[in-house]
$ cat entry_34.pdb   # PDB, N, CA and C atoms
ATOM      1  N   MET A   1     157.131  22.985 110.110
ATOM      2  CA  MET A   1     155.933  22.203 109.877
ATOM      3  C   MET A   1     155.830  21.084 110.910
ATOM      4  N   ALA A   2     154.727  20.977 111.549
ATOM      5  CA  ALA A   2     154.497  19.916 112.526
ATOM      6  C   ALA A   2     154.000  18.659 111.804
ATOM      7  N   LEU A   3     154.361  17.520 112.362
ATOM      8  CA  LEU A   3     153.896  16.255 111.782
ATOM      9  C   LEU A   3     152.424  16.091 112.127
ATOM     10  N   ASP A   4     151.602  16.047 111.131
ATOM     11  CA  ASP A   4     150.170  15.862 111.355
ATOM     12  C   ASP A   4     149.876  14.383 111.554
ATOM     13  N   LEU A   5     148.861  14.105 112.383
ATOM     14  CA  LEU A   5     148.526  12.726 112.707
ATOM     15  C   LEU A   5     148.115  11.924 111.480
ATOM     16  N   PHE A   6     147.472  12.559 110.516
ATOM     17  CA  PHE A   6     147.022  11.809 109.354
ATOM     18  C   PHE A   6     148.196  11.245 108.554
ATOM     19  N   LEU A   7     149.379  11.835 108.663
ATOM     20  CA  LEU A   7     150.542  11.285 107.953
ATOM     21  C   LEU A   7     150.909   9.912 108.501
ATOM     22  N   ALA A   8     150.637   9.676 109.778
ATOM     23  CA  ALA A   8     150.880   8.347 110.357
ATOM     24  C   ALA A   8     149.985   7.309 109.674
ATOM     25  N   TRP A   9     148.771   7.725 109.305
ATOM     26  CA  TRP A   9     147.892   6.802 108.586
ATOM     27  C   TRP A   9     148.465   6.442 107.221
ATOM     28  N   TYR A  10     149.124   7.393 106.577
ATOM     29  CA  TYR A  10     149.743   7.087 105.288
ATOM     30  C   TYR A  10     150.923   6.127 105.456
ATOM     31  N   LEU A  11     151.642   6.226 106.579
ATOM     32  CA  LEU A  11     152.683   5.236 106.867
ATOM     33  C   LEU A  11     152.062   3.849 107.033
ATOM     34  N   VAL A  12     150.924   3.783 107.725
ATOM     35  CA  VAL A  12     150.223   2.513 107.916
ATOM     36  C   VAL A  12     149.766   1.942 106.573
ATOM     37  N   ILE A  13     149.245   2.795 105.706
ATOM     38  CA  ILE A  13     148.831   2.343 104.374
ATOM     39  C   ILE A  13     150.023   1.745 103.633
ATOM     40  N   GLY A  14     151.153   2.443 103.664
ATOM     41  CA  GLY A  14     152.357   1.929 103.013
ATOM     42  C   GLY A  14     152.803   0.605 103.600
ATOM     43  N   PHE A  15     152.728   0.484 104.933
ATOM     44  CA  PHE A  15     153.092  -0.779 105.582
ATOM     45  C   PHE A  15     152.165  -1.906 105.136
ATOM     46  N   LEU A  16     150.871  -1.653 105.114
ATOM     47  CA  LEU A  16     149.919  -2.686 104.703
ATOM     48  C   LEU A  16     150.152  -3.128 103.258
ATOM     49  N   LEU A  17     150.399  -2.177 102.383
ATOM     50  CA  LEU A  17     150.680  -2.528 100.985
ATOM     51  C   LEU A  17     151.967  -3.342 100.883
ATOM     52  N   GLY A  18     153.003  -2.902 101.609
ATOM     53  CA  GLY A  18     154.273  -3.623 101.577
ATOM     54  C   GLY A  18     154.173  -5.008 102.186
ATOM     55  N   ASN A  19     153.394  -5.145 103.245
ATOM     56  CA  ASN A  19     153.230  -6.444 103.890
ATOM     57  C   ASN A  19     152.394  -7.388 103.038
ATOM     58  N   GLY A  20     151.482  -6.855 102.280
ATOM     59  CA  GLY A  20     150.649  -7.705 101.440
ATOM     60  C   GLY A  20     151.391  -8.313 100.262
ATOM     61  N   VAL A  21     152.420  -7.633  99.790
ATOM     62  CA  VAL A  21     153.144  -8.097  98.594
ATOM     63  C   VAL A  21     153.760  -9.489  98.769
ATOM     64  N   PRO A  22     154.603  -9.740  99.779
ATOM     65  CA  PRO A  22     155.207 -11.077  99.869
ATOM     66  C   PRO A  22     154.190 -12.169 100.160
ATOM     67  N   HIS A  23     153.204 -11.866 101.006
ATOM     68  CA  HIS A  23     152.200 -12.886 101.320
ATOM     69  C   HIS A  23     151.398 -13.255 100.079
ATOM     70  N   PHE A  24     150.953 -12.259  99.359
ATOM     71  CA  PHE A  24     150.169 -12.533  98.155
ATOM     72  C   PHE A  24     151.022 -13.222  97.097
ATOM     73  N   THR A  25     152.257 -12.766  96.911
ATOM     74  CA  THR A  25     153.125 -13.337  95.880
ATOM     75  C   THR A  25     153.454 -14.796  96.158
ATOM     76  N   PHE A  26     153.877 -15.091  97.381
ATOM     77  CA  PHE A  26     154.189 -16.483  97.718
ATOM     78  C   PHE A  26     152.939 -17.356  97.641
ATOM     79  N   GLY A  27     151.819 -16.839  98.122
ATOM     80  CA  GLY A  27     150.580 -17.615  98.064
ATOM     81  C   GLY A  27     150.134 -17.867  96.638
ATOM     82  N   ALA A  28     150.199 -16.848  95.798
ATOM     83  CA  ALA A  28     149.786 -17.007  94.399
ATOM     84  C   ALA A  28     150.709 -17.958  93.653
ATOM     85  N   ALA A  29     151.976 -18.024  94.079
ATOM     86  CA  ALA A  29     152.928 -18.944  93.451
ATOM     87  C   ALA A  29     152.775 -20.365  93.979
ATOM     88  N   GLY A  30     151.883 -20.555  94.961
ATOM     89  CA  GLY A  30     151.650 -21.895  95.508
ATOM     90  C   GLY A  30     152.709 -22.336  96.495
ATOM     91  N   LYS A  31     153.431 -21.402  97.080
ATOM     92  CA  LYS A  31     154.501 -21.737  98.012
ATOM     93  C   LYS A  31     154.040 -21.506  99.448
ATOM     94  N   VAL A  32     154.537 -22.361 100.339
ATOM     95  CA  VAL A  32     154.267 -22.207 101.763
ATOM     96  C   VAL A  32     155.118 -21.049 102.271
ATOM     97  N   PHE A  33     154.518 -20.199 103.065
ATOM     98  CA  PHE A  33     155.203 -19.024 103.604
ATOM     99  C   PHE A  33     154.667 -18.769 104.992
ATOM    100  N   ARG A  34     155.394 -17.976 105.757
ATOM    101  CA  ARG A  34     154.948 -17.672 107.117
ATOM    102  C   ARG A  34     153.658 -16.874 107.108
ATOM    103  N   SER A  35     152.822 -17.215 108.049
ATOM    104  CA  SER A  35     151.583 -16.458 108.216
ATOM    105  C   SER A  35     151.871 -15.237 109.078
ATOM    106  N   PRO A  36     150.879 -14.411 109.285
ATOM    107  CA  PRO A  36     151.089 -13.247 110.146
ATOM    108  C   PRO A  36     151.399 -13.630 111.587
ATOM    109  N   PHE A  37     151.162 -14.869 111.965
ATOM    110  CA  PHE A  37     151.391 -15.302 113.339
ATOM    111  C   PHE A  37     152.697 -16.065 113.503
ATOM    112  N   GLY A  38     153.554 -16.038 112.503
ATOM    113  CA  GLY A  38     154.890 -16.600 112.603
ATOM    114  C   GLY A  38     155.009 -18.078 112.301
ATOM    115  N   GLN A  39     153.957 -18.735 111.911
ATOM    116  CA  GLN A  39     154.053 -20.150 111.578
ATOM    117  C   GLN A  39     153.840 -20.336 110.081
ATOM    118  N   LYS A  40     154.324 -21.449 109.569
ATOM    119  CA  LYS A  40     154.158 -21.694 108.136
ATOM    120  C   LYS A  40     152.691 -21.912 107.830
ATOM    121  N   SER A  41     152.249 -21.306 106.741
ATOM    122  CA  SER A  41     150.840 -21.377 106.368
ATOM    123  C   SER A  41     150.695 -21.775 104.914
ATOM    124  N   SER A  42     149.523 -22.253 104.602
ATOM    125  CA  SER A  42     149.234 -22.684 103.235
ATOM    126  C   SER A  42     149.225 -21.492 102.294
ATOM    127  N   PRO A  43     149.409 -21.765 101.018
ATOM    128  CA  PRO A  43     149.328 -20.681 100.034
ATOM    129  C   PRO A  43     147.990 -19.933 100.090
ATOM    130  N   ARG A  44     146.919 -20.666 100.311
ATOM    131  CA  ARG A  44     145.603 -20.026 100.364
ATOM    132  C   ARG A  44     145.517 -19.011 101.506
ATOM    133  N   THR A  45     146.045 -19.374 102.670
ATOM    134  CA  THR A  45     146.050 -18.460 103.814
ATOM    135  C   THR A  45     146.830 -17.204 103.489
ATOM    136  N   ASN A  46     147.958 -17.356 102.818
ATOM    137  CA  ASN A  46     148.782 -16.198 102.494
ATOM    138  C   ASN A  46     148.146 -15.314 101.426
ATOM    139  N   VAL A  47     147.455 -15.901 100.471
ATOM    140  CA  VAL A  47     146.744 -15.088  99.484
ATOM    141  C   VAL A  47     145.662 -14.273 100.186
ATOM    142  N   ILE A  48     144.922 -14.915 101.083
ATOM    143  CA  ILE A  48     143.865 -14.212 101.822
ATOM    144  C   ILE A  48     144.460 -13.108 102.684
ATOM    145  N   TRP A  49     145.592 -13.393 103.350
ATOM    146  CA  TRP A  49     146.236 -12.375 104.184
ATOM    147  C   TRP A  49     146.721 -11.206 103.328
ATOM    148  N   GLY A  50     147.337 -11.493 102.200
ATOM    149  CA  GLY A  50     147.798 -10.433 101.312
ATOM    150  C   GLY A  50     146.649  -9.576 100.814
ATOM    151  N   LEU A  51     145.562 -10.219 100.400
ATOM    152  CA  LEU A  51     144.399  -9.473  99.915
ATOM    153  C   LEU A  51     143.752  -8.652 101.025
ATOM    154  N   SER A  52     143.753  -9.188 102.248
ATOM    155  CA  SER A  52     143.178  -8.418 103.359
ATOM    156  C   SER A  52     144.030  -7.189 103.664
ATOM    157  N   ASN A  53     145.345  -7.295 103.516
ATOM    158  CA  ASN A  53     146.209  -6.128 103.677
ATOM    159  C   ASN A  53     145.909  -5.085 102.608
ATOM    160  N   PHE A  54     145.752  -5.523 101.361
ATOM    161  CA  PHE A  54     145.435  -4.604 100.272
ATOM    162  C   PHE A  54     144.075  -3.938 100.499
ATOM    163  N   ALA A  55     143.097  -4.720 100.957
ATOM    164  CA  ALA A  55     141.758  -4.177 101.201
ATOM    165  C   ALA A  55     141.776  -3.151 102.333
ATOM    166  N   ALA A  56     142.482  -3.462 103.421
ATOM    167  CA  ALA A  56     142.559  -2.521 104.545
ATOM    168  C   ALA A  56     143.235  -1.224 104.121
ATOM    169  N   ALA A  57     144.305  -1.330 103.344
ATOM    170  CA  ALA A  57     144.998  -0.133 102.857
ATOM    171  C   ALA A  57     144.074   0.704 101.981
ATOM    172  N   THR A  58     143.295   0.046 101.139
ATOM    173  CA  THR A  58     142.373   0.749 100.257
ATOM    174  C   THR A  58     141.279   1.460 101.053
ATOM    175  N   ILE A  59     140.737   0.787 102.047
ATOM    176  CA  ILE A  59     139.669   1.381 102.866
ATOM    177  C   ILE A  59     140.190   2.603 103.615
ATOM    178  N   ILE A  60     141.381   2.494 104.203
ATOM    179  CA  ILE A  60     141.954   3.632 104.924
ATOM    180  C   ILE A  60     142.235   4.790 103.965
ATOM    181  N   ALA A  61     142.798   4.478 102.800
ATOM    182  CA  ALA A  61     143.122   5.525 101.827
ATOM    183  C   ALA A  61     141.861   6.235 101.338
ATOM    184  N   LEU A  62     140.821   5.480 101.043
ATOM    185  CA  LEU A  62     139.577   6.094 100.586
ATOM    186  C   LEU A  62     138.930   6.925 101.692
ATOM    187  N   SER A  63     139.033   6.465 102.921
ATOM    188  CA  SER A  63     138.490   7.219 104.056
ATOM    189  C   SER A  63     139.215   8.547 104.222
ATOM    190  N   LEU A  64     140.542   8.505 104.156
ATOM    191  CA  LEU A  64     141.320   9.736 104.288
ATOM    192  C   LEU A  64     141.053  10.696 103.128
ATOM    193  N   ALA A  65     140.936  10.147 101.934
ATOM    194  CA  ALA A  65     140.658  10.996 100.773
ATOM    195  C   ALA A  65     139.272  11.621 100.890
ATOM    196  N   GLY A  66     138.309  10.855 101.399
ATOM    197  CA  GLY A  66     136.965  11.374 101.587
ATOM    198  C   GLY A  66     136.911  12.497 102.614
ATOM    199  N   LEU A  67     137.791  12.419 103.612
ATOM    200  CA  LEU A  67     137.859  13.461 104.635
ATOM    201  C   LEU A  67     138.691  14.655 104.183
ATOM    202  N   GLY A  68     139.392  14.477 103.075
ATOM    203  CA  GLY A  68     140.258  15.548 102.581
ATOM    204  C   GLY A  68     141.566  15.643 103.345
ATOM    205  N   ASP A  69     141.945  14.560 104.020
ATOM    206  CA  ASP A  69     143.181  14.549 104.801
ATOM    207  C   ASP A  69     144.358  14.090 103.951
ATOM    208  N   TYR A  70     144.886  14.976 103.181
ATOM    209  CA  TYR A  70     146.089  14.705 102.417
ATOM    210  C   TYR A  70     146.730  16.038 102.062
ATOM    211  N   ASP A  71     148.025  15.988 101.850
ATOM    212  CA  ASP A  71     148.748  17.177 101.403
ATOM    213  C   ASP A  71     149.966  16.718 100.617
ATOM    214  N   THR A  72     150.916  17.584 100.430
ATOM    215  CA  THR A  72     152.079  17.240  99.603
ATOM    216  C   THR A  72     152.966  16.190 100.260
ATOM    217  N   TYR A  73     152.812  15.949 101.570
ATOM    218  CA  TYR A  73     153.641  14.966 102.261
ATOM    219  C   TYR A  73     152.966  13.602 102.380
ATOM    220  N   SER A  74     151.755  13.458 101.892
ATOM    221  CA  SER A  74     151.037  12.197 102.010
ATOM    222  C   SER A  74     151.690  11.077 101.208
ATOM    223  N   LEU A  75     151.997  11.357  99.958
ATOM    224  CA  LEU A  75     152.628  10.331  99.122
ATOM    225  C   LEU A  75     154.011   9.954  99.642
ATOM    226  N   PRO A  76     154.869  10.900 100.025
ATOM    227  CA  PRO A  76     156.150  10.490 100.604
ATOM    228  C   PRO A  76     155.989   9.650 101.875
ATOM    229  N   ALA A  77     154.988   9.951 102.703
ATOM    230  CA  ALA A  77     154.755   9.155 103.911
ATOM    231  C   ALA A  77     154.332   7.737 103.542
ATOM    232  N   LEU A  78     153.450   7.612 102.559
ATOM    233  CA  LEU A  78     153.013   6.299 102.103
ATOM    234  C   LEU A  78     154.196   5.508 101.552
ATOM    235  N   LEU A  79     154.993   6.131 100.726
ATOM    236  CA  LEU A  79     156.157   5.452 100.153
ATOM    237  C   LEU A  79     157.177   5.085 101.216
ATOM    238  N   ALA A  80     157.335   5.926 102.233
ATOM    239  CA  ALA A  80     158.262   5.604 103.324
ATOM    240  C   ALA A  80     157.796   4.354 104.058
ATOM    241  N   GLY A  81     156.493   4.245 104.334
ATOM    242  CA  GLY A  81     155.967   3.045 104.976
ATOM    243  C   GLY A  81     156.156   1.811 104.114
ATOM    244  N   PHE A  82     155.918   1.953 102.818
ATOM    245  CA  PHE A  82     156.090   0.833 101.892
ATOM    246  C   PHE A  82     157.542   0.382 101.835
ATOM    247  N   TRP A  83     158.464   1.334 101.651
ATOM    248  CA  TRP A  83     159.869   0.959 101.499
ATOM    249  C   TRP A  83     160.490   0.485 102.802
ATOM    250  N   MET A  84     160.019   0.960 103.945
ATOM    251  CA  MET A  84     160.508   0.413 105.222
ATOM    252  C   MET A  84     160.115  -1.053 105.349
ATOM    253  N   THR A  85     158.890  -1.378 104.924
ATOM    254  CA  THR A  85     158.440  -2.772 104.967
ATOM    255  C   THR A  85     159.241  -3.626 103.995
ATOM    256  N   MET A  86     159.476  -3.122 102.792
ATOM    257  CA  MET A  86     160.264  -3.878 101.816
ATOM    258  C   MET A  86     161.696  -4.085 102.303
ATOM    259  N   LEU A  87     162.256  -3.082 102.950
ATOM    260  CA  LEU A  87     163.610  -3.203 103.495
ATOM    261  C   LEU A  87     163.659  -4.251 104.596
ATOM    262  N   MET A  88     162.663  -4.238 105.486
ATOM    263  CA  MET A  88     162.623  -5.254 106.546
ATOM    264  C   MET A  88     162.491  -6.649 105.946
ATOM    265  N   PHE A  89     161.615  -6.795 104.967
ATOM    266  CA  PHE A  89     161.421  -8.094 104.334
ATOM    267  C   PHE A  89     162.668  -8.522 103.571
ATOM    268  N   GLY A  90     163.249  -7.611 102.820
ATOM    269  CA  GLY A  90     164.409  -7.944 102.001
ATOM    270  C   GLY A  90     165.625  -8.347 102.810
ATOM    271  N   THR A  91     165.802  -7.748 103.972
ATOM    272  CA  THR A  91     166.971  -8.094 104.792
ATOM    273  C   THR A  91     166.765  -9.381 105.577
ATOM    274  N   ARG A  92     165.536  -9.853 105.705
ATOM    275  CA  ARG A  92     165.266 -11.058 106.490
ATOM    276  C   ARG A  92     164.715 -12.217 105.673
ATOM    277  N   ILE A  93     164.748 -12.112 104.355
ATOM    278  CA  ILE A  93     164.146 -13.141 103.508
ATOM    279  C   ILE A  93     164.810 -14.500 103.707
ATOM    280  N   LYS A  94     166.121 -14.547 103.894
ATOM    281  CA  LYS A  94     166.799 -15.837 104.071
ATOM    282  C   LYS A  94     166.296 -16.557 105.320
ATOM    283  N   LYS A  95     166.046 -15.813 106.369
ATOM    284  CA  LYS A  95     165.544 -16.418 107.599
ATOM    285  C   LYS A  95     164.163 -17.037 107.351
ATOM    286  N   PHE A  96     163.316 -16.346 106.607
ATOM    287  CA  PHE A  96     161.983 -16.862 106.325
ATOM    288  C   PHE A  96     162.040 -18.107 105.443
ATOM    289  N   LEU A  97     162.911 -18.106 104.457
ATOM    290  CA  LEU A  97     162.961 -19.218 103.507
ATOM    291  C   LEU A  97     163.679 -20.441 104.060
ATOM    292  N   ASN A  98     164.587 -20.241 105.021
ATOM    293  CA  ASN A  98     165.341 -21.363 105.564
ATOM    294  C   ASN A  98     164.656 -22.060 106.720
ATOM    295  N   ASP A  99     163.576 -21.486 107.227
ATOM    296  CA  ASP A  99     162.852 -22.127 108.343
ATOM    297  C   ASP A  99     162.066 -23.311 107.868
TER     298      ASP A  99
END
$ encode --input "entry_34.pdb" --output "structure tokens"
Amino acid sequence: MALDLFLAWYLVIGFLLGNGVPHFTFGAAGKVFRSPFGQKSSPRTNVIWGLSNFAAATIIALSLAGLGDYDTYSLPALLAGFWMTMLMFGTRIKKFLND
């Protein structure tokens, strides 16, 4: 089986969902956290960034579903993107919190 290009989009969806989680969570908790540009940002900025990640993931997913671009490997690709992002975040959380 060849890797189809649309599976890369499912990895992107997983990444966007995974990236939105810490930004939205820290922002909703009222805590200062790094923005997407590497500097500390207000909770409001992080909530907006998290929601924009969720919105982009939703738009891409709905577009792919509308085109019929999915198969049995779509969900594993999405989960792989999500868990890779969570792994990156989880292994570097101390660096983010100590800055």
$ resolve_selection --input "entry_34.pdb" --expression "the PyMOL selection byres ((chain A and resi 54) around 8)" --output "PyMOL selection string"
chain A and resi 16-21+48-53+55-60
$ write_last_selection --input "entry_34.pdb" --atoms "N, CA and C atoms" --output "compact mmCIF listing (two decimals), in the frame of the given file"
# COMPACT_ATOMS: atom_id res chain seq x y z
N LEU A 16 150.87 -1.65 105.11
CA LEU A 16 149.92 -2.69 104.70
C LEU A 16 150.15 -3.13 103.26
N LEU A 17 150.40 -2.18 102.38
CA LEU A 17 150.68 -2.53 100.98
C LEU A 17 151.97 -3.34 100.88
N GLY A 18 153.00 -2.90 101.61
CA GLY A 18 154.27 -3.62 101.58
C GLY A 18 154.17 -5.01 102.19
N ASN A 19 153.39 -5.14 103.24
CA ASN A 19 153.23 -6.44 103.89
C ASN A 19 152.39 -7.39 103.04
N GLY A 20 151.48 -6.86 102.28
CA GLY A 20 150.65 -7.70 101.44
C GLY A 20 151.39 -8.31 100.26
N VAL A 21 152.42 -7.63 99.79
CA VAL A 21 153.14 -8.10 98.59
C VAL A 21 153.76 -9.49 98.77
N ILE A 48 144.92 -14.92 101.08
CA ILE A 48 143.86 -14.21 101.82
C ILE A 48 144.46 -13.11 102.68
N TRP A 49 145.59 -13.39 103.35
CA TRP A 49 146.24 -12.38 104.18
C TRP A 49 146.72 -11.21 103.33
N GLY A 50 147.34 -11.49 102.20
CA GLY A 50 147.80 -10.43 101.31
C GLY A 50 146.65 -9.58 100.81
N LEU A 51 145.56 -10.22 100.40
CA LEU A 51 144.40 -9.47 99.92
C LEU A 51 143.75 -8.65 101.02
N SER A 52 143.75 -9.19 102.25
CA SER A 52 143.18 -8.42 103.36
C SER A 52 144.03 -7.19 103.66
N ASN A 53 145.34 -7.30 103.52
CA ASN A 53 146.21 -6.13 103.68
C ASN A 53 145.91 -5.08 102.61
N ALA A 55 143.10 -4.72 100.96
CA ALA A 55 141.76 -4.18 101.20
C ALA A 55 141.78 -3.15 102.33
N ALA A 56 142.48 -3.46 103.42
CA ALA A 56 142.56 -2.52 104.54
C ALA A 56 143.24 -1.22 104.12
N ALA A 57 144.30 -1.33 103.34
CA ALA A 57 145.00 -0.13 102.86
C ALA A 57 144.07 0.70 101.98
N THR A 58 143.29 0.05 101.14
CA THR A 58 142.37 0.75 100.26
C THR A 58 141.28 1.46 101.05
N ILE A 59 140.74 0.79 102.05
CA ILE A 59 139.67 1.38 102.87
C ILE A 59 140.19 2.60 103.62
N ILE A 60 141.38 2.49 104.20
CA ILE A 60 141.95 3.63 104.92
C ILE A 60 142.24 4.79 103.96
$ closest_residue --input "entry_34.pdb" --among "A:Ala8, A:Ile13, A:Ala28, A:Leu79" --to "Ala61 in chain A" --atoms "only C-alpha atoms"
A:Ile13
$ residues_around --input "entry_34.pdb" --residues "Tyr10 in chain A" --least-positions-apart "6" --cutoff "6.5 Å" --atoms "only N, CA and C atoms" --output "ChimeraX atom specification"
/A:74,77-79,81
$ resolve_selection --input "entry_34.pdb" --expression "the PyMOL selection byres ((chain A and resi 45) around 8)" --output "ChimeraX atom specification"
/A:23-24,27,34-36,41-44,46-51
$ atom_distance --input "entry_34.pdb" --atom1 "atom C of Lys40 in chain A" --atom2 "CA of Leu87 in chain A"
22.1 Å
$ atom_distance --input "entry_34.pdb" --atom1 "CA of Phe82 in chain A" --atom2 "CA of Gln39 in chain A"
23.2 Å
$ atom_distance --input "entry_34.pdb" --atom1 "CA of Thr72 in chain A" --atom2 "CA of Met88 in chain A"
25.8 Å
